[in-house]
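So this one's coords_7.tsv, TSV, C-alpha atoms:
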chain	number	residue	atom	x	y	z
A	62	MET	CA	271.43	-11.33	30.46
A	63	ILE	CA	271.99	-11.93	34.16
A	64	PRO	CA	275.21	-13.84	34.93
A	65	LEU	CA	274.92	-17.38	36.28
A	66	VAL	CA	277.01	-18.71	39.18
A	67	LEU	CA	277.34	-22.51	39.44
A	68	VAL	CA	278.51	-24.05	42.74
A	69	HIS	CA	279.72	-27.65	42.78
A	70	GLY	CA	279.37	-30.14	45.61
A	71	LEU	CA	281.41	-32.59	47.62
A	72	TRP	CA	283.96	-34.63	45.65
A	73	ASP	CA	283.15	-32.55	42.56
A	74	ARG	CA	284.84	-29.88	40.50
A	75	PRO	CA	283.35	-27.25	38.16
A	76	ARG	CA	283.49	-29.79	35.31
A	77	VAL	CA	280.39	-31.43	36.83
A	78	PHE	CA	278.46	-28.63	35.07
A	79	HIS	CA	279.87	-29.32	31.59
A	80	ARG	CA	276.76	-31.11	30.30
A	81	LEU	CA	274.42	-28.57	31.89
A	82	ILE	CA	276.27	-25.70	30.21
A	83	GLN	CA	276.00	-27.52	26.88
A	84	ALA	CA	272.27	-28.10	27.41
A	85	LEU	CA	271.80	-24.46	28.41
A	86	ASP	CA	273.34	-23.35	25.10
A	87	GLN	CA	273.69	-19.68	26.06
A	88	PRO	CA	277.23	-18.81	24.93
A	89	GLN	CA	276.52	-15.11	25.46
A	90	ARG	CA	275.69	-15.62	29.14
A	91	ASP	CA	278.43	-14.79	31.62
A	92	LEU	CA	279.14	-17.89	33.72
A	93	LEU	CA	281.15	-18.36	36.88
A	94	ALA	CA	281.80	-21.90	38.10
A	95	PRO	CA	284.49	-21.46	40.76
A	96	HIS	CA	286.59	-24.30	42.09
A	97	LEU	CA	286.04	-24.50	45.85
A	98	PRO	CA	288.56	-27.06	47.17
A	99	HIS	CA	287.08	-28.86	50.18
A	100	GLY	CA	289.55	-31.69	50.78
A	101	LEU	CA	287.46	-34.76	51.46
A	102	GLY	CA	284.88	-32.70	53.28
A	103	ASP	CA	287.11	-31.32	56.01
A	104	VAL	CA	286.65	-27.61	55.11
A	105	PRO	CA	283.67	-26.07	56.95
A	106	LEU	CA	280.91	-24.96	54.59
A	107	ARG	CA	280.93	-21.41	55.93
A	108	GLU	CA	284.58	-21.12	54.88
A	109	LEU	CA	283.67	-22.33	51.39
A	110	ALA	CA	280.87	-19.75	51.26
A	111	GLN	CA	283.43	-17.07	52.14
A	112	ARG	CA	285.58	-18.23	49.21
A	113	LEU	CA	282.51	-18.15	46.97
A	114	ASP	CA	281.80	-14.57	48.05
A	115	GLU	CA	285.37	-13.55	47.23
A	116	GLN	CA	285.18	-15.10	43.76
A	117	ILE	CA	281.80	-13.54	42.96
A	118	ARG	CA	283.05	-10.11	44.07
A	119	HIS	CA	286.25	-10.51	42.09
A	120	ARG	CA	284.36	-11.45	38.91
A	121	PHE	CA	281.23	-9.30	39.12
A	122	GLY	CA	281.97	-6.60	41.70
A	123	ALA	CA	279.77	-5.91	44.71
A	124	VAL	CA	276.40	-5.09	43.14
A	125	THR	CA	275.87	-6.96	39.84
A	126	ASN	CA	272.79	-9.17	40.09
A	127	VAL	CA	273.26	-12.90	39.51
A	128	ASP	CA	271.36	-16.15	39.26
A	129	LEU	CA	272.78	-18.92	41.46
A	130	LEU	CA	272.69	-22.69	41.07
A	131	GLY	CA	274.09	-25.04	43.69
A	132	PHE	CA	274.42	-28.77	43.15
A	133	SER	CA	274.46	-31.09	46.17
A	134	MET	CA	276.64	-29.55	48.90
A	135	GLY	CA	277.00	-26.54	46.59
A	136	GLY	CA	273.37	-25.67	47.30
A	137	ILE	CA	274.17	-25.37	51.01
A	138	ILE	CA	277.26	-23.27	50.27
A	139	GLY	CA	275.13	-21.06	48.03
A	140	ARG	CA	272.46	-20.74	50.71
A	141	ILE	CA	275.05	-19.66	53.30
A	142	TRP	CA	276.26	-17.02	50.83
A	143	LEU	CA	272.70	-15.81	50.28
A	144	GLN	CA	271.78	-15.64	53.97
A	145	ASP	CA	275.02	-14.80	55.76
A	146	PHE	CA	277.09	-12.92	53.17
A	147	GLY	CA	274.42	-10.63	51.74
A	148	GLY	CA	274.02	-12.59	48.53
A	149	ALA	CA	270.22	-12.49	48.70
A	150	ALA	CA	270.31	-8.74	48.04
A	151	ARG	CA	271.88	-9.30	44.61
A	152	THR	CA	270.44	-12.66	43.58
A	153	ARG	CA	267.41	-12.88	41.33
A	154	ARG	CA	266.92	-16.66	41.36
A	155	PHE	CA	268.39	-19.56	43.37
A	156	PHE	CA	268.29	-23.09	41.96
A	157	SER	CA	269.01	-25.82	44.48
A	158	VAL	CA	269.67	-29.23	42.92
A	159	GLY	CA	269.86	-32.26	45.21
A	160	SER	CA	271.01	-30.21	48.21
A	161	PRO	CA	270.51	-31.47	51.79
A	162	HIS	CA	268.79	-28.40	53.26
A	163	GLN	CA	267.26	-30.60	55.95
A	164	GLY	CA	270.39	-32.71	56.32
A	165	THR	CA	271.14	-36.20	55.08
A	166	MET	CA	271.30	-39.58	56.81
A	167	THR	CA	274.56	-40.32	55.00
A	168	ALA	CA	276.33	-37.64	57.07
A	169	GLN	CA	275.07	-38.74	60.49
A	170	ALA	CA	278.09	-40.87	61.44
A	171	ILE	CA	280.71	-38.39	60.20
A	172	PRO	CA	282.86	-36.96	63.04
A	173	ARG	CA	283.02	-33.16	62.92
A	174	ALA	CA	286.59	-33.15	64.26
A	175	LEU	CA	287.78	-34.92	61.09
A	176	LEU	CA	285.36	-33.79	58.38
A	177	ALA	CA	283.76	-30.53	59.44
A	178	GLY	CA	282.26	-29.69	56.04
A	179	ALA	CA	280.61	-33.07	55.58
A	180	ALA	CA	279.39	-32.99	59.20
A	181	ASP	CA	277.73	-29.62	58.50
A	182	MET	CA	275.20	-31.63	56.47
A	183	LYS	CA	274.05	-33.83	59.34
A	184	ILE	CA	270.35	-33.77	60.15
A	185	GLY	CA	269.97	-31.19	62.92
A	186	SER	CA	273.48	-29.73	62.51
A	187	GLN	CA	274.16	-26.34	64.05
A	188	LEU	CA	274.70	-24.83	60.60
A	189	LEU	CA	271.45	-26.14	59.11
A	190	HIS	CA	269.54	-25.10	62.23
A	191	HIS	CA	271.00	-21.59	61.89
A	192	LEU	CA	270.00	-21.38	58.23
A	193	HIS	CA	266.49	-22.64	58.96
A	194	ARG	CA	265.96	-20.10	61.76
A	195	ARG	CA	266.88	-17.29	59.37
A	196	SER	CA	265.20	-18.64	56.25
A	197	ASN	CA	263.15	-15.43	55.93
A	198	GLN	CA	266.36	-13.93	54.49
A	199	LEU	CA	265.60	-15.89	51.31
A	200	SER	CA	262.33	-14.00	50.78
A	201	PRO	CA	263.75	-11.53	48.19
A	202	VAL	CA	264.97	-14.45	46.05
A	203	GLU	CA	262.94	-16.58	43.64
A	204	CYS	CA	263.79	-20.10	44.82
A	205	HIS	CA	263.53	-23.42	42.98
A	206	SER	CA	264.32	-26.87	44.42
A	207	PHE	CA	265.01	-29.96	42.32
A	208	PHE	CA	265.48	-33.37	43.91
A	209	CYS	CA	265.80	-37.08	43.13
A	210	ARG	CA	263.33	-39.17	45.15
A	211	TRP	CA	265.64	-42.21	45.30
A	212	ASP	CA	268.80	-40.25	46.12
A	213	LEU	CA	271.18	-42.20	48.36
A	214	MET	CA	273.62	-39.31	48.87
A	215	VAL	CA	270.95	-36.89	50.10
A	216	CYS	CA	268.71	-39.25	52.02
A	217	PRO	CA	265.77	-39.06	52.14
A	218	GLY	CA	265.78	-37.39	48.72
A	219	TRP	CA	262.40	-35.70	49.04
A	220	LYS	CA	263.74	-33.57	51.91
A	221	ALA	CA	266.36	-31.95	49.66
A	222	VAL	CA	264.24	-28.82	49.28
A	223	LEU	CA	264.32	-25.19	50.33
A	224	PRO	CA	261.72	-23.85	52.79
A	225	GLN	CA	260.15	-21.73	50.04
A	226	GLY	CA	259.68	-21.62	46.29
A	227	SER	CA	258.88	-24.26	43.69
A	228	ILE	CA	259.73	-27.94	44.20
A	229	GLN	CA	260.26	-30.47	41.40
A	230	ASP	CA	261.00	-34.18	41.60
A	231	ILE	CA	263.33	-35.10	38.72
A	232	PRO	CA	262.74	-38.64	37.39
A	233	VAL	CA	266.26	-40.06	37.72
A	234	TRP	CA	267.61	-42.83	39.94
A	235	MET	CA	270.90	-41.51	41.30
A	236	HIS	CA	272.30	-38.31	42.78
A	237	HIS	CA	274.83	-37.52	40.05
A	238	GLN	CA	272.24	-38.10	37.33
A	239	LEU	CA	270.79	-34.75	38.45
A	240	MET	CA	273.72	-33.20	36.56
A	241	SER	CA	274.15	-35.76	33.78
A	242	HIS	CA	270.90	-37.46	32.74
A	243	PRO	CA	269.16	-35.96	29.67
A	244	ASN	CA	265.83	-35.73	31.54
A	245	ALA	CA	267.41	-33.73	34.36
A	246	LEU	CA	269.40	-31.49	32.02
A	247	LYS	CA	266.28	-30.70	29.99
A	248	ILE	CA	264.26	-29.74	33.07
A	249	ILE	CA	266.98	-27.69	34.76
A	250	SER	CA	268.21	-25.89	31.63
A	251	LYS	CA	264.62	-24.95	30.77
A	252	ALA	CA	264.23	-23.39	34.23
A	253	LEU	CA	267.54	-21.54	33.90
A	254	LYS	CA	266.46	-20.09	30.55
A	255	GLN	CA	263.28	-18.55	31.92
A	256	PRO	CA	263.45	-14.72	31.71
For the file at hand, write its structure as structure tokens.
Amino acid sequence: MIPLVLVHGLWDRPRVFHRLIQALDQPQRDLLAPHLPHGLGDVPLRELAQRLDEQIRHRFGAVTNVDLLGFSMGGIIGRIWLQDFGGAARTRRFFSVGSPHQGTMTAQAIPRALLAGAADMKIGSQLLHHLHRRSNQLSPVECHSFFCRWDLMVCPGWKAVLPQGSIQDIPVWMHHQLMSHPNALKIISKALKQP
């Protein structure tokens, strides 16, 4: 069974995936949910992607194939790893859950000098523009986007999608319910279990 890497978001820790792991109910599956300290959003996302790369290499070596799930900001970190650190060459499937691939209104007023990582998620940020220009690098990967239409963290919620792959609106009301509500857990764990 292909290992699964879970990447948490801003103001989260790996424990955000506790309920998802329970719903997944695959004790034999090798899981990696690294802690990527980001302060309050001051660490640039590219630096966090570098740390993710180091942890994946340490755990699985340089060639083992993986599935990758990123929640919220973790989806952007995962996408940087896929596109800029060669992760696409070893990733079978990428699950993006409530991740601001087109930016979020909630980040617009954040000063980059103080909170570089959070500012990376501004609509039209240099980082997101770079990822969009090179989105063809995702073509080897089976991509799936899940979003919450009424999300106030990633706003507007329906833009929290990758430029390719399947897109699914999860019927919950708030951002963190994407990782806690039974409806969301059922939908996402079912997708993760697909062979």
Considering only C-alpha atoms, state which residue in the set A:Ala174, A:Leu199, A:Ala252, A:Ala94 is at the smallest distance from Gly226 (chain A).
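Checking each of A:Ala174, A:Leu199, A:Ala252, A:Ala94 against Gly226 (chain A), counting only C-alpha atoms, the winner is A:Leu199.
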Go through A:Val66, A:Ser200, A:Val77, A:Ile141 one by one, measure the shortest atom-to-atom distance of each to Arg118 (chain A) using all atoms listed in the file, and give the residue with the smallest value.
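For Arg118 (chain A), the nearest of the candidates is A:Val66.
Minimum atom-to-atom distance to Phe155 (chain A), evaluated using all atoms listed in the file, belongs to A:Val68 out of A:Leu239, A:Ala177, A:Leu213, A:Val68.
As for CA of Trp234 (chain A) and CA of Ile248 (chain A), they are spaced 15.2 Å apart.
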Restricting the calculation to all atoms listed in the file, which member of A:Val233, A:Ile184, A:Val202, A:Leu65 is positioned closest to Gly164 (chain A)?
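Ranked by minimum distance to Gly164 (chain A), first place goes to A:Ile184.
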Neighbours of Leu253 (chain A) within 9 Å (all atoms listed in the file; same-chain residues fewer than 2 positions away dropped), as a tab-separated table (two decimals) with C-alpha atoms, keeping the file's coordinate frame?
chain	number	residue	atom	x	y	z
A	65	LEU	CA	274.92	-17.38	36.28
A	85	LEU	CA	271.80	-24.46	28.41
A	128	ASP	CA	271.36	-16.15	39.26
A	130	LEU	CA	272.69	-22.69	41.07
A	154	ARG	CA	266.92	-16.66	41.36
A	156	PHE	CA	268.29	-23.09	41.96
A	248	ILE	CA	264.26	-29.74	33.07
A	249	ILE	CA	266.98	-27.69	34.76
A	250	SER	CA	268.21	-25.89	31.63
A	251	LYS	CA	264.62	-24.95	30.77
A	255	GLN	CA	263.28	-18.55	31.92
A	256	PRO	CA	263.45	-14.72	31.71
Computed gap from CA of Pro224 (chain A) to CA of Pro95 (chain A) is 25.9 Å
With all atoms listed in the file as the atoms that count, which of A:Ile117, A:Phe208, A:Leu101, A:Gln225 lies nearest to Ala180 (chain A)?
A:Leu101
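Every polymer residue reaching to within 9 Å of (277.8, -29.4, 44.3), counting only C-alpha atoms, appears in this list: Leu67, Val68, His69, Gly70, Leu71, Trp72, Asp73, Arg74, Pro75, Val77, Gly131, Phe132, Ser133, Met134, Gly135, Gly136, Ile137, Ile138, Val158, Gly159 and Ser160 of chain A.
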Which of these, A:Trp211, A:Ile171, A:Gly147, A:His162, has the shortest distance to His190 (chain A) once you count all atoms listed in the file?
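Checking each of A:Trp211, A:Ile171, A:Gly147, A:His162 against His190 (chain A), counting all atoms listed in the file, the winner is A:His162.
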CA of Pro98 (chain A) and CA of Gln163 (chain A), how far apart in Å?
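These atoms are spaced 23.3 Å apart.
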Contact residues around Glu108 (chain A) with all atoms listed in the file at 10 Å, ignoring same-chain residues under 2 positions, as a list in words
Leu97, His99, Val104, Pro105, Leu106, Ala110, Gln111, Arg112, Leu113, Asp114, Ile138, Ile141 and Gly178 of chain A
Please list as an MDAnalysis selection string every residue within 7 Å of Leu81 (chain A), counting all atoms listed in the file and excluding residues in the same chain fewer than 2 positions away.
chainID A and resid 78:79 83:85 240 246 250
Determine, counting only C-alpha atoms, which protein, DNA and RNA residues have an atom within 7 Å of an atom of Ile228 (chain A); residues of the same chain fewer than 2 positions away are not included. Present the result as number ranges by chain.
A: 205-207, 222, 226, 230
Taking C-alpha atoms for each residue, export the selection above as a PDB file, in the coordinates of the input.
ATOM      1  CA  HIS A 205     263.530 -23.420  42.980  1.00  0.00           C
ATOM      2  CA  SER A 206     264.320 -26.870  44.420  1.00  0.00           C
ATOM      3  CA  PHE A 207     265.010 -29.960  42.320  1.00  0.00           C
ATOM      4  CA  VAL A 222     264.240 -28.820  49.280  1.00  0.00           C
ATOM      5  CA  GLY A 226     259.680 -21.620  46.290  1.00  0.00           C
ATOM      6  CA  ASP A 230     261.000 -34.180  41.600  1.00  0.00           C
TER       7      ASP A 230
END
N, CA and C atoms are needed for region 212-228 of chain A; please write them out as a short mmCIF file (atom, residue, chain, number, x, y, z; two decimals), in the frame of the given file.
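Generated file (part.cif):
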data_model
loop_
_atom_site.label_atom_id
_atom_site.label_comp_id
_atom_site.auth_asym_id
_atom_site.auth_seq_id
_atom_site.Cartn_x
_atom_site.Cartn_y
_atom_site.Cartn_z
N ASP A 212 267.42 -40.68 45.85
CA ASP A 212 268.80 -40.25 46.12
C ASP A 212 269.36 -40.97 47.36
N LEU A 213 270.53 -41.56 47.22
CA LEU A 213 271.18 -42.20 48.36
C LEU A 213 272.28 -41.33 48.98
N MET A 214 272.65 -40.25 48.30
CA MET A 214 273.62 -39.31 48.87
C MET A 214 272.90 -38.31 49.77
N VAL A 215 271.79 -37.79 49.30
CA VAL A 215 270.95 -36.89 50.10
C VAL A 215 269.71 -37.71 50.44
N CYS A 216 269.72 -38.26 51.64
CA CYS A 216 268.71 -39.25 52.02
C CYS A 216 267.96 -38.79 53.29
N PRO A 217 266.64 -38.74 53.26
CA PRO A 217 265.77 -39.06 52.14
C PRO A 217 265.73 -37.94 51.10
N GLY A 218 265.67 -38.33 49.83
CA GLY A 218 265.78 -37.39 48.72
C GLY A 218 264.72 -36.33 48.70
N TRP A 219 263.49 -36.67 49.12
CA TRP A 219 262.40 -35.70 49.04
C TRP A 219 262.52 -34.58 50.06
N LYS A 220 263.52 -34.66 50.96
CA LYS A 220 263.74 -33.57 51.91
C LYS A 220 264.82 -32.61 51.43
N ALA A 221 265.31 -32.82 50.22
CA ALA A 221 266.36 -31.95 49.66
C ALA A 221 265.71 -30.73 49.01
N VAL A 222 264.98 -29.97 49.81
CA VAL A 222 264.24 -28.82 49.28
C VAL A 222 264.40 -27.61 50.20
N LEU A 223 264.28 -26.45 49.59
CA LEU A 223 264.32 -25.19 50.33
C LEU A 223 262.99 -24.97 51.04
N PRO A 224 262.96 -24.10 52.07
CA PRO A 224 261.72 -23.85 52.79
C PRO A 224 260.72 -22.99 52.03
N GLN A 225 261.07 -22.54 50.84
CA GLN A 225 260.15 -21.73 50.04
C GLN A 225 260.44 -21.95 48.56
N GLY A 226 259.50 -21.53 47.73
CA GLY A 226 259.68 -21.62 46.29
C GLY A 226 259.15 -22.91 45.70
N SER A 227 259.38 -23.08 44.40
CA SER A 227 258.88 -24.26 43.69
C SER A 227 259.72 -25.49 44.03
N ILE A 228 259.08 -26.66 43.91
CA ILE A 228 259.73 -27.94 44.20
C ILE A 228 259.43 -28.88 43.04
#
